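> What follows is target_31.cif; its format and atoms are mmCIF, C-alpha atoms.
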data_upload
loop_
_atom_site.group_PDB
_atom_site.id
_atom_site.type_symbol
_atom_site.label_atom_id
_atom_site.label_comp_id
_atom_site.auth_asym_id
_atom_site.auth_seq_id
_atom_site.Cartn_x
_atom_site.Cartn_y
_atom_site.Cartn_z
ATOM 1 C CA MET A 1 -27.422 -29.837 -56.069
ATOM 2 C CA LYS A 2 -29.352 -27.375 -58.227
ATOM 3 C CA LYS A 3 -31.867 -26.845 -55.461
ATOM 4 C CA ARG A 4 -29.090 -26.155 -52.937
ATOM 5 C CA PHE A 5 -27.540 -23.651 -55.334
ATOM 6 C CA LEU A 6 -30.845 -21.815 -55.780
ATOM 7 C CA VAL A 7 -31.408 -21.735 -52.029
ATOM 8 C CA ALA A 8 -27.879 -20.453 -51.412
ATOM 9 C CA THR A 9 -28.291 -17.817 -54.118
ATOM 10 C CA ALA A 10 -31.586 -16.681 -52.622
ATOM 11 C CA ILE A 11 -30.019 -16.436 -49.169
ATOM 12 C CA VAL A 12 -27.077 -14.402 -50.457
ATOM 13 C CA SER A 13 -29.380 -12.146 -52.471
ATOM 14 C CA SER A 14 -31.691 -11.578 -49.510
ATOM 15 C CA THR A 15 -28.753 -10.884 -47.218
ATOM 16 C CA LEU A 16 -27.275 -8.327 -49.622
ATOM 17 C CA THR A 17 -30.645 -6.667 -50.110
ATOM 18 C CA ALA A 18 -31.192 -6.462 -46.369
ATOM 19 C CA SER A 19 -27.674 -5.111 -45.852
ATOM 20 C CA PHE A 20 -28.112 -2.431 -48.520
ATOM 21 C CA ALA A 21 -31.498 -1.484 -47.075
ATOM 22 C CA ALA A 22 -30.031 -1.246 -43.588
ATOM 23 C CA LEU A 23 -27.156 0.925 -44.843
ATOM 24 C CA GLY A 24 -29.496 3.213 -46.762
ATOM 25 C CA PHE A 25 -31.883 3.542 -43.835
ATOM 26 C CA ALA A 26 -29.094 4.218 -41.350
ATOM 27 C CA THR A 27 -27.435 6.832 -43.575
ATOM 28 C CA SER A 28 -30.721 8.600 -44.288
ATOM 29 C CA ASN A 29 -31.426 8.590 -40.541
ATOM 30 C CA ARG A 30 -28.110 10.260 -39.875
ATOM 31 C CA LEU A 31 -28.936 12.984 -42.405
ATOM 32 C CA MET A 32 -32.563 13.551 -41.416
ATOM 33 C CA TYR A 33 -31.868 13.587 -37.693
ATOM 34 C CA VAL A 34 -28.419 15.193 -37.544
ATOM 35 C CA LYS A 35 -27.557 15.818 -33.893
ATOM 36 C CA ASN A 36 -28.114 19.455 -32.904
ATOM 37 C CA LYS A 37 -26.053 21.339 -30.358
ATOM 38 C CA ASP A 38 -27.531 21.811 -26.903
ATOM 39 C CA ALA A 39 -29.210 25.247 -26.749
ATOM 40 C CA ALA A 40 -27.877 25.998 -23.270
ATOM 41 C CA LEU A 41 -24.319 25.223 -24.377
ATOM 42 C CA VAL A 42 -24.669 27.466 -27.447
ATOM 43 C CA LEU A 43 -25.885 30.308 -25.211
ATOM 44 C CA GLU A 44 -23.014 29.740 -22.785
ATOM 45 C CA ARG A 45 -20.482 29.653 -25.644
ATOM 46 C CA GLU A 46 -21.738 32.882 -27.205
ATOM 47 C CA THR A 47 -21.995 34.656 -23.842
ATOM 48 C CA ASN A 48 -18.487 33.649 -22.731
ATOM 49 C CA ALA A 49 -17.083 34.787 -26.086
ATOM 50 C CA LYS A 50 -18.877 38.144 -25.615
ATOM 51 C CA ARG A 51 -20.759 37.641 -28.857
ATOM 52 C CA TYR A 52 -24.072 37.714 -26.966
ATOM 53 C CA ASP A 53 -24.790 40.513 -24.499
ATOM 54 C CA GLU A 54 -27.650 39.701 -22.131
ATOM 55 C CA THR A 55 -27.923 43.327 -20.946
ATOM 56 C CA TRP A 56 -28.201 44.613 -24.511
ATOM 57 C CA TYR A 57 -30.778 41.971 -25.343
ATOM 58 C CA ALA A 58 -32.917 42.909 -22.339
ATOM 59 C CA LYS A 59 -33.048 46.556 -23.416
ATOM 60 C CA VAL A 60 -33.257 46.369 -27.228
ATOM 61 C CA LYS A 61 -36.654 46.780 -28.856
ATOM 62 C CA LYS A 62 -37.783 43.364 -30.030
ATOM 63 C CA SER A 63 -40.796 41.209 -30.741
ATOM 64 C CA GLU A 64 -41.136 37.451 -30.973
ATOM 65 C CA GLN A 65 -43.222 35.905 -33.727
ATOM 66 C CA TRP A 66 -44.400 32.448 -34.650
ATOM 67 C CA ILE A 67 -44.424 32.225 -38.444
ATOM 68 C CA GLU A 68 -46.329 29.470 -40.185
ATOM 69 C CA SER A 69 -44.219 27.571 -42.712
ATOM 70 C CA ALA A 70 -45.697 26.361 -45.988
ATOM 71 C CA ASN A 71 -44.330 23.005 -44.826
ATOM 72 C CA GLY A 72 -46.905 22.922 -42.028
ATOM 73 C CA TYR A 73 -45.155 23.850 -38.750
ATOM 74 C CA PRO A 74 -44.334 27.028 -36.792
ATOM 75 C CA ILE A 75 -41.045 28.886 -37.137
ATOM 76 C CA LYS A 76 -39.765 30.851 -34.154
ATOM 77 C CA ALA A 77 -38.433 34.290 -35.114
ATOM 78 C CA ILE A 78 -37.301 37.381 -33.219
ATOM 79 C CA PHE A 79 -37.497 40.847 -34.805
ATOM 80 C CA LEU A 80 -34.776 43.054 -33.282
ATOM 81 C CA GLU A 81 -35.229 46.771 -33.939
ATOM 82 C CA PRO A 82 -32.572 49.010 -32.375
ATOM 83 C CA HIS A 83 -33.162 51.575 -35.149
ATOM 84 C CA THR A 84 -36.198 53.418 -36.473
ATOM 85 C CA THR A 85 -35.598 52.414 -40.066
ATOM 86 C CA ASN A 86 -36.987 50.361 -42.925
ATOM 87 C CA ARG A 87 -33.686 48.479 -43.355
ATOM 88 C CA TYR A 88 -33.486 44.897 -42.118
ATOM 89 C CA VAL A 89 -31.311 41.815 -42.464
ATOM 90 C CA ILE A 90 -32.630 38.269 -42.044
ATOM 91 C CA ILE A 91 -29.934 36.027 -40.545
ATOM 92 C CA CYS A 92 -29.863 32.268 -41.216
ATOM 93 C CA HIS A 93 -27.799 30.066 -38.894
ATOM 94 C CA GLY A 94 -25.951 26.867 -39.780
ATOM 95 C CA VAL A 95 -26.867 23.232 -39.257
ATOM 96 C CA THR A 96 -26.892 22.029 -35.595
ATOM 97 C CA GLU A 97 -26.874 25.666 -34.361
ATOM 98 C CA SER A 98 -29.801 27.955 -33.400
ATOM 99 C CA LYS A 99 -30.791 31.603 -33.616
ATOM 100 C CA MET A 100 -28.491 32.243 -30.632
ATOM 101 C CA ASN A 101 -25.566 31.838 -33.023
ATOM 102 C CA SER A 102 -26.951 34.709 -35.128
ATOM 103 C CA PHE A 103 -26.757 37.459 -32.491
ATOM 104 C CA LYS A 104 -23.119 38.268 -33.291
ATOM 105 C CA TYR A 105 -24.273 39.283 -36.768
ATOM 106 C CA VAL A 106 -27.223 41.216 -35.299
ATOM 107 C CA ARG A 107 -24.796 43.470 -33.433
ATOM 108 C CA MET A 108 -22.661 43.912 -36.553
ATOM 109 C CA PHE A 109 -25.658 44.931 -38.662
ATOM 110 C CA GLU A 110 -26.864 47.208 -35.860
ATOM 111 C CA ARG A 111 -23.591 49.114 -36.172
ATOM 112 C CA LEU A 112 -24.223 49.294 -39.931
ATOM 113 C CA GLY A 113 -27.670 50.787 -39.396
ATOM 114 C CA PHE A 114 -29.856 47.712 -39.888
ATOM 115 C CA ASN A 115 -32.517 46.011 -37.825
ATOM 116 C CA SER A 116 -32.432 42.212 -37.878
ATOM 117 C CA VAL A 117 -34.583 39.112 -37.890
ATOM 118 C CA VAL A 118 -33.191 35.899 -36.417
ATOM 119 C CA TYR A 119 -35.028 32.598 -36.511
ATOM 120 C CA ASP A 120 -34.579 28.876 -35.932
ATOM 121 C CA HIS A 121 -34.438 26.555 -38.916
ATOM 122 C CA ARG A 122 -36.826 23.619 -38.941
ATOM 123 C CA ARG A 123 -35.964 21.015 -36.282
ATOM 124 C CA HIS A 124 -33.605 23.515 -34.654
ATOM 125 C CA GLY A 125 -34.110 25.631 -31.567
ATOM 126 C CA GLU A 126 -37.787 26.343 -30.926
ATOM 127 C CA SER A 127 -39.064 25.809 -34.466
ATOM 128 C CA GLY A 128 -41.137 22.836 -35.557
ATOM 129 C CA GLY A 129 -40.346 20.335 -38.282
ATOM 130 C CA LYS A 130 -39.230 16.753 -37.898
ATOM 131 C CA THR A 131 -36.196 16.548 -40.194
ATOM 132 C CA THR A 132 -33.261 18.526 -41.529
ATOM 133 C CA SER A 133 -33.130 18.776 -45.334
ATOM 134 C CA PHE A 134 -29.987 20.908 -45.864
ATOM 135 C CA GLY A 135 -31.851 23.665 -47.684
ATOM 136 C CA HIS A 136 -34.623 21.860 -49.573
ATOM 137 C CA TYR A 137 -37.453 22.630 -47.137
ATOM 138 C CA GLU A 138 -35.469 25.331 -45.321
ATOM 139 C CA LYS A 139 -35.658 27.638 -48.341
ATOM 140 C CA LEU A 140 -39.464 27.594 -48.077
ATOM 141 C CA ASP A 141 -39.209 28.436 -44.374
ATOM 142 C CA LEU A 142 -36.989 31.383 -45.290
ATOM 143 C CA GLN A 143 -39.604 32.413 -47.846
ATOM 144 C CA ALA A 144 -42.185 32.450 -45.037
ATOM 145 C CA VAL A 145 -39.897 34.624 -42.884
ATOM 146 C CA VAL A 146 -39.440 37.053 -45.794
ATOM 147 C CA LYS A 147 -43.216 37.308 -46.229
ATOM 148 C CA ALA A 148 -43.659 37.966 -42.509
ATOM 149 C CA LEU A 149 -41.007 40.702 -42.586
ATOM 150 C CA LYS A 150 -42.709 42.382 -45.557
ATOM 151 C CA VAL A 151 -45.958 42.471 -43.608
ATOM 152 C CA HIS A 152 -44.173 43.722 -40.492
ATOM 153 C CA ALA A 153 -42.123 46.477 -42.165
ATOM 154 C CA GLY A 154 -44.508 47.539 -44.915
ATOM 155 C CA PRO A 155 -44.000 48.362 -48.603
ATOM 156 C CA SER A 156 -40.914 50.542 -48.071
ATOM 157 C CA LEU A 157 -38.886 47.582 -46.781
ATOM 158 C CA PHE A 158 -35.231 47.415 -47.832
ATOM 159 C CA PHE A 159 -33.605 44.167 -46.741
ATOM 160 C CA GLY A 160 -30.795 41.693 -47.147
ATOM 161 C CA ILE A 161 -30.230 38.083 -46.117
ATOM 162 C CA HIS A 162 -27.108 36.765 -44.398
ATOM 163 C CA GLY A 163 -26.493 33.039 -44.145
ATOM 164 C CA GLU A 164 -23.786 30.913 -42.564
ATOM 165 C CA SER A 165 -22.981 27.339 -43.730
ATOM 166 C CA MET A 166 -26.325 25.561 -44.295
ATOM 167 C CA GLY A 167 -27.929 28.956 -43.742
ATOM 168 C CA ALA A 168 -25.823 30.331 -46.599
ATOM 169 C CA ALA A 169 -26.824 27.462 -48.884
ATOM 170 C CA THR A 170 -30.457 28.068 -47.877
ATOM 171 C CA THR A 171 -30.035 31.770 -48.660
ATOM 172 C CA LEU A 172 -28.755 31.014 -52.154
ATOM 173 C CA LEU A 173 -31.430 28.391 -52.802
ATOM 174 C CA TYR A 174 -34.096 30.897 -51.776
ATOM 175 C CA ALA A 175 -32.557 33.684 -53.870
ATOM 176 C CA GLY A 176 -32.346 31.366 -56.876
ATOM 177 C CA MET A 177 -36.042 30.624 -56.440
ATOM 178 C CA GLU A 178 -37.244 34.126 -55.476
ATOM 179 C CA ASP A 179 -34.686 36.919 -55.829
ATOM 180 C CA SER A 180 -36.617 39.393 -53.670
ATOM 181 C CA ALA A 181 -33.962 40.720 -51.273
ATOM 182 C CA ASP A 182 -31.809 43.750 -52.048
ATOM 183 C CA PHE A 183 -28.575 41.856 -51.294
ATOM 184 C CA TYR A 184 -27.253 38.550 -49.960
ATOM 185 C CA ILE A 185 -24.229 37.506 -47.925
ATOM 186 C CA SER A 186 -23.187 33.865 -48.253
ATOM 187 C CA ASP A 187 -20.684 32.745 -45.608
ATOM 188 C CA CYS A 188 -19.116 29.298 -46.244
ATOM 189 C CA ALA A 189 -21.951 27.794 -48.295
ATOM 190 C CA TYR A 190 -21.637 24.408 -49.983
ATOM 191 C CA SER A 191 -22.244 24.449 -53.725
ATOM 192 C CA ASP A 192 -23.891 21.017 -53.808
ATOM 193 C CA SER A 193 -25.275 19.115 -50.818
ATOM 194 C CA SER A 194 -24.633 15.613 -52.155
ATOM 195 C CA GLU A 195 -20.970 16.441 -52.815
ATOM 196 C CA GLN A 196 -20.715 18.040 -49.377
ATOM 197 C CA ILE A 197 -22.237 15.033 -47.614
ATOM 198 C CA LEU A 198 -19.968 12.669 -49.515
ATOM 199 C CA HIS A 199 -16.948 14.777 -48.538
ATOM 200 C CA VAL A 200 -17.964 14.632 -44.855
ATOM 201 C CA MET A 201 -18.539 10.871 -45.043
ATOM 202 C CA ARG A 202 -15.128 10.299 -46.594
ATOM 203 C CA THR A 203 -13.297 12.480 -44.074
ATOM 204 C CA THR A 204 -15.109 11.473 -40.878
ATOM 205 C CA THR A 205 -16.207 7.857 -41.441
ATOM 206 C CA PRO A 206 -14.666 4.659 -42.877
ATOM 207 C CA ILE A 207 -17.036 4.934 -45.881
ATOM 208 C CA ARG A 208 -15.178 5.898 -49.056
ATOM 209 C CA THR A 209 -17.638 5.092 -51.852
ATOM 210 C CA SER A 210 -20.780 6.948 -52.905
ATOM 211 C CA LEU A 211 -22.900 3.779 -52.521
ATOM 212 C CA ALA A 212 -24.141 4.738 -49.044
ATOM 213 C CA LEU A 213 -25.211 8.174 -50.301
ATOM 214 C CA ARG A 214 -27.008 6.690 -53.303
ATOM 215 C CA LEU A 215 -28.846 4.281 -51.029
ATOM 216 C CA ALA A 216 -29.622 7.050 -48.556
ATOM 217 C CA ASN A 217 -31.019 9.136 -51.387
ATOM 218 C CA VAL A 218 -33.547 6.411 -52.183
ATOM 219 C CA PHE A 219 -34.688 6.370 -48.572
ATOM 220 C CA LEU A 220 -34.756 10.180 -48.348
ATOM 221 C CA LYS A 221 -37.105 10.248 -51.324
ATOM 222 C CA LEU A 222 -39.355 7.667 -49.710
ATOM 223 C CA ARG A 223 -39.205 8.980 -46.149
ATOM 224 C CA ASP A 224 -38.837 12.754 -46.551
ATOM 225 C CA GLY A 225 -40.116 13.449 -50.068
ATOM 226 C CA TYR A 226 -37.030 14.919 -51.729
ATOM 227 C CA SER A 227 -33.766 13.933 -53.356
ATOM 228 C CA ILE A 228 -30.526 15.266 -51.909
ATOM 229 C CA THR A 229 -29.180 15.601 -55.460
ATOM 230 C CA THR A 230 -31.630 18.460 -56.090
ATOM 231 C CA VAL A 231 -30.299 20.533 -53.184
ATOM 232 C CA SER A 232 -27.661 22.313 -55.229
ATOM 233 C CA PRO A 233 -26.950 26.053 -54.923
ATOM 234 C CA ARG A 234 -24.675 25.818 -57.961
ATOM 235 C CA GLU A 235 -27.717 25.043 -60.117
ATOM 236 C CA VAL A 236 -29.607 28.196 -59.115
ATOM 237 C CA VAL A 237 -26.960 30.807 -58.293
ATOM 238 C CA LYS A 238 -27.031 31.985 -61.908
ATOM 239 C CA ASN A 239 -30.627 33.111 -61.323
ATOM 240 C CA ILE A 240 -29.584 35.654 -58.671
ATOM 241 C CA MET A 241 -29.344 39.159 -60.090
ATOM 242 C CA LYS A 242 -28.961 41.107 -56.834
ATOM 243 C CA PRO A 243 -25.495 41.686 -55.296
ATOM 244 C CA VAL A 244 -23.967 38.744 -53.429
ATOM 245 C CA LEU A 245 -20.979 38.821 -51.080
ATOM 246 C CA PHE A 246 -19.337 35.397 -50.895
ATOM 247 C CA ILE A 247 -17.207 34.688 -47.807
ATOM 248 C CA HIS A 248 -15.079 31.691 -46.831
ATOM 249 C CA SER A 249 -12.051 30.871 -44.683
ATOM 250 C CA LEU A 250 -9.200 29.158 -46.479
ATOM 251 C CA PRO A 251 -8.437 26.739 -43.571
ATOM 252 C CA ASP A 252 -12.016 25.381 -43.711
ATOM 253 C CA GLU A 253 -11.783 21.609 -44.144
ATOM 254 C CA PHE A 254 -15.469 20.899 -43.499
ATOM 255 C CA VAL A 255 -16.925 22.879 -46.398
ATOM 256 C CA LEU A 256 -14.029 23.401 -48.771
ATOM 257 C CA PRO A 257 -13.418 27.000 -49.905
ATOM 258 C CA GLU A 258 -13.361 25.772 -53.510
ATOM 259 C CA MET A 259 -17.151 25.489 -53.227
ATOM 260 C CA THR A 260 -17.522 29.202 -52.559
ATOM 261 C CA LYS A 261 -15.057 29.992 -55.326
ATOM 262 C CA GLU A 262 -17.204 27.927 -57.684
ATOM 263 C CA LEU A 263 -20.380 29.746 -56.627
ATOM 264 C CA PHE A 264 -18.675 33.110 -57.087
ATOM 265 C CA GLU A 265 -17.619 32.198 -60.622
ATOM 266 C CA LEU A 266 -21.122 30.994 -61.529
ATOM 267 C CA LYS A 267 -22.895 34.070 -60.158
ATOM 268 C CA GLN A 268 -23.704 36.653 -62.828
ATOM 269 C CA GLY A 269 -23.910 40.377 -62.180
ATOM 270 C CA PRO A 270 -22.774 42.253 -59.044
ATOM 271 C CA LYS A 271 -20.730 40.127 -56.651
ATOM 272 C CA GLU A 272 -17.744 40.179 -54.297
ATOM 273 C CA LEU A 273 -15.503 37.451 -52.887
ATOM 274 C CA LYS A 274 -13.583 37.507 -49.598
ATOM 275 C CA LEU A 275 -11.345 34.636 -48.487
ATOM 276 C CA PHE A 276 -9.978 34.880 -44.951
ATOM 277 C CA GLU A 277 -6.580 33.494 -44.022
ATOM 278 C CA GLN A 278 -7.739 32.532 -40.515
ATOM 279 C CA GLY A 279 -10.672 30.492 -39.267
ATOM 280 C CA GLU A 280 -12.014 26.968 -39.475
ATOM 281 C CA HIS A 281 -15.521 26.243 -40.708
ATOM 282 C CA ALA A 282 -17.981 29.093 -39.962
ATOM 283 C CA GLN A 283 -15.298 30.914 -37.992
ATOM 284 C CA SER A 284 -14.535 33.813 -40.348
ATOM 285 C CA PHE A 285 -16.340 36.346 -38.168
ATOM 286 C CA ASN A 286 -15.174 34.863 -34.863
ATOM 287 C CA LYS A 287 -11.511 34.948 -35.891
ATOM 288 C CA ASN A 288 -11.590 38.187 -37.905
ATOM 289 C CA PRO A 289 -14.428 40.323 -36.453
ATOM 290 C CA ASP A 290 -13.113 43.779 -37.350
ATOM 291 C CA GLU A 291 -11.983 42.790 -40.831
ATOM 292 C CA TYR A 292 -15.255 40.952 -41.415
ATOM 293 C CA GLU A 293 -17.366 43.959 -40.472
ATOM 294 C CA GLY A 294 -15.194 46.294 -42.513
ATOM 295 C CA MET A 295 -15.493 44.046 -45.536
ATOM 296 C CA VAL A 296 -19.303 43.915 -45.207
ATOM 297 C CA ARG A 297 -19.381 47.713 -44.922
ATOM 298 C CA GLU A 298 -17.236 48.044 -48.055
ATOM 299 C CA PHE A 299 -19.508 45.646 -49.958
ATOM 300 C CA LEU A 300 -22.643 47.552 -48.952
ATOM 301 C CA THR A 301 -21.026 50.884 -49.786
ATOM 302 C CA ALA A 302 -19.689 49.723 -53.150
ATOM 303 C CA HIS A 303 -23.142 48.600 -54.254
ATOM 304 C CA ASP A 304 -24.972 51.627 -52.811
ATOM 305 C CA LEU A 305 -26.690 49.477 -50.186
ATOM 306 C CA LEU A 306 -25.584 51.268 -47.031
ATOM 307 C CA ALA A 307 -27.259 54.639 -47.558
ATOM 308 C CA PRO A 308 -30.371 55.079 -45.388
ATOM 309 C CA LYS A 309 -33.755 54.719 -47.061
ATOM 310 C CA PRO A 310 -35.811 57.395 -45.265
ATOM 311 C CA LEU A 311 -39.379 56.792 -44.189
ATOM 312 C CA VAL A 312 -41.762 59.639 -44.931
ATOM 313 C CA GLY A 313 -42.645 61.471 -41.729
ATOM 314 C CA VAL A 314 -40.539 59.190 -39.494
ATOM 315 C CA PRO A 315 -37.297 60.548 -37.977
ATOM 316 C CA GLN A 316 -34.237 58.394 -38.621
ATOM 317 C CA ILE A 317 -31.586 57.409 -36.099
ATOM 318 C CA PRO A 318 -28.141 58.003 -37.640
ATOM 319 C CA SER A 319 -26.146 54.866 -38.423
#
If you took the structure in this file and wrote it as structure tokens, what would it be?

Amino acid sequence: MKKRFLVATAIVSSTLTASFAALGFATSNRLMYVKNKDAALVLERETNAKRYDETWYAKVKKSEQWIESANGYPIKAIFLEPHTTNRYVIICHGVTESKMNSFKYVRMFERLGFNSVVYDHRRHGESGGKTTSFGHYEKLDLQAVVKALKVHAGPSLFFGIHGESMGAATTLLYAGMEDSADFYISDCAYSDSSEQILHVMRTTTPIRTSLALRLANVFLKLRDGYSITTVSPREVVKNIMKPVLFIHSLPDEFVLPEMTKELFELKQGPKELKLFEQGEHAQSFNKNPDEYEGMVREFLTAHDLLAPKPLVGVPQIPS
């Protein structure tokens, strides 16, 4: 009888262990290899919505660059330079998107007198990298893009960084690590990736407990070398001294606007907060383009960031 009990206990224990391992592996897989949108469909969507103008793109001065990430793969970037100026904005797209989603912001910043840099996050678009890490490795890729821009533009560079969703979280994580830009715009960032992932799991899957995330975190550490609990903009936003404009849409049910409100409260020094009444997740610009651009202009003006920074001996094109 005792032997049967021990055998049964061993079987149950092994089954539970295998089940937990399978759950952790499957959840970590879903995070590491989140399904990206088809590039052709993104291009079609942006073109049909008139947020991407093929004629403009064919004529605008631009250069493509492959930038080597400290993580060991190439990052595809495009430097778009409609103006003769030392002012640039690096634009960081959201998870599952690509640099094509950033062109709407390129045109906005062009009207504000800025050149732009768009690029693909790791494992997105044309860039290398095998996994998505929700900002952990992406912040180092952004650091590489910043370094490349400094080389490209020279010592007189004046620049900002605009991020949307995961790109916004990446922007804040980078700024909290290396506050080198002159300003930042964070559009619908999550304040903590583990809380965000748990929220998505609870609202889109039958899973209601944090067990799957805790198990996934073990596998992420083993398989991808980081813990999702360390990917937390709220922990570093206090390190950012430069001006930050925080943006969110109140109807956003994917990344809750309370996360941006929290980040705004934690940020010390110059900051602004804009909450739009219309727009689902990452739709603030799409639903409110004129108001969005006006608000960005007001932010830049209020913090003396819009005035041209003249280059010695180089004629400037008026904004």
> I'd like to see the residues matched by the PyMOL selection byres ((chain A and resi 227) around 10) on this file, and ideally I'd get them as a list in words.
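Matching residues under the PyMOL selection byres ((chain A and resi 227) around 10) are Ser133, His136, Ser194, Arg214, Ala216, Asn217, Val218, Phe219, Leu220, Lys221, Leu222, Asp224, Gly225, Tyr226, Ile228, Thr229, Thr230 and Val231 of chain A.
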> Using the chain letters and numbers from the file, which residues does the PyMOL selection byres ((chain A and resi 148) around 12) grab, as a PyMOL selection string?
chain A and resi 64-69+75-79+90+117+119+141-147+149-154+157
> Considering only C-alpha atoms, return as a PDB file with C-alpha atoms, keeping the file's coordinate frame whatever protein or nucleic-acid residues lie within 9 Å of Phe183 in chain A, sequence-local ones (same chain, fewer than 3 positions apart) excluded.

ATOM      1  CA  PHE A 159     -33.605  44.167 -46.741  1.00  0.00           C
ATOM      2  CA  GLY A 160     -30.795  41.693 -47.147  1.00  0.00           C
ATOM      3  CA  ILE A 161     -30.230  38.083 -46.117  1.00  0.00           C
ATOM      4  CA  HIS A 162     -27.108  36.765 -44.398  1.00  0.00           C
ATOM      5  CA  SER A 180     -36.617  39.393 -53.670  1.00  0.00           C
ATOM      6  CA  LYS A 242     -28.961  41.107 -56.834  1.00  0.00           C
ATOM      7  CA  PRO A 243     -25.495  41.686 -55.296  1.00  0.00           C
ATOM      8  CA  VAL A 244     -23.967  38.744 -53.429  1.00  0.00           C
ATOM      9  CA  LEU A 245     -20.979  38.821 -51.080  1.00  0.00           C
ATOM     10  CA  LEU A 300     -22.643  47.552 -48.952  1.00  0.00           C
ATOM     11  CA  LEU A 305     -26.690  49.477 -50.186  1.00  0.00           C
TER      12      LEU A 305
END
> I need the residue nearest Val89 in chain A from this list: A:Ser232, A:Thr171, A:Gln196, A:Ser165. Use only C-alpha atoms for the distance.
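Looking at the shortest contact to Val89 in chain A, the residue is A:Thr171.
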> Suppose a student applies the PyMOL selection byres ((chain A and resi 48-50) around 12) to this structure; what residues should they get, written as a list in words?
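With the shown file as input, the PyMOL selection byres ((chain A and resi 48-50) around 12) matches Leu41, Val42, Leu43, Glu44, Arg45, Glu46, Thr47, Arg51, Tyr52, Asp53, Glu54, Thr55, Trp56, Asn101, Phe103, Lys104, Arg107, Asn286, Lys287 and Pro289 of chain A.
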> If you count all atoms listed in the file, which residues fall within 12 Å of Phe254 in chain A, apart from same-chain ones fewer than 6 positions away, as a list in words?
Ser165, Met166, Cys188, Ala189, Tyr190, Glu195, Gln196, Ile197, Leu198, His199, Val200, Met201, Arg202, Thr203, Thr204, His248, Gly279, Glu280, His281, Ala282 and Gln283 of chain A
> Which of these residues is nearest to Asp182 in chain A, using only C-alpha atoms: A:Phe25, A:Tyr137, A:Tyr88, A:Tyr105?
A:Tyr88
> Could you check the closest approach to Leu250 in chain A for each of A:Phe276, A:Phe299, A:Phe264, A:Phe158 and tell me which residue wins, using all atoms listed in the file?
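Going through A:Phe276, A:Phe299, A:Phe264, A:Phe158 one by one, the smallest distance to Leu250 in chain A is for A:Phe276.
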> Quick one: what's the axis-aligned box for range 49-66 of chain A, all listed atoms, 8 Å on every side, centre and edges in Å to one decimal, as AutoDock Vina command-line options?

--center_x -30.7 --center_y 39.6 --center_z -27.8 --size_x 43.3 --size_y 30.3 --size_z 29.7
> Compile the contact shell of Phe134 in chain A as JSON, numbers by chain: residues with an atom at most 9 Å away, counting all atoms listed in the file, same-chain residues fewer than 6 positions apart removed.
{"A": [31, 32, 95, 166, 167, 169, 170, 193, 228, 231]}
> Give me, please, the distance in Å between CA of Thr131 in chain A and CA of Asn29 in chain A, quoted to one decimal.
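Straight-line distance from CA of Thr131 in chain A to CA of Asn29 in chain A works out to 9.3 Å.
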> Nearest to Pro257 in chain A: which of A:Glu291, A:Glu97, A:Glu235, A:Asp187 is it, counting only C-alpha atoms?
A:Asp187
> Write out as an MDAnalysis selection string each polymer residue whose atoms come within 12 Å of Met295 in chain A, counting only C-alpha atoms; drop sequence neighbours fewer than 5 positions from it.
chainID A and resid 108 112 185 245:247 272:276 284:285 288:290 300:302
> What does the structure give for the distance between CA of Arg208 in chain A and CA of Gly94 in chain A, in Å to one decimal?
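Separation of CA of Arg208 in chain A and CA of Gly94 in chain A: 25.3 Å.
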> Go through A:Asp252, A:Leu215, A:Thr85, A:Ser116 and flag the residue nearest Ala22 in chain A, using only C-alpha atoms for the distances.
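Nearest to Ala22 in chain A: A:Leu215.
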> For a test of reading the model, state the distance in Å between CA of Met259 in chain A and CA of Arg123 in chain A, rounded to one decimal.
25.7 Å
> Give the answer as one residue: which of A:Gln278, A:Ser210, A:Thr96, A:Asn71 has the shortest atom-to-atom distance to Leu23 in chain A, using all atoms listed in the file?
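That would be A:Ser210, the residue with the smallest distance to Leu23 in chain A.
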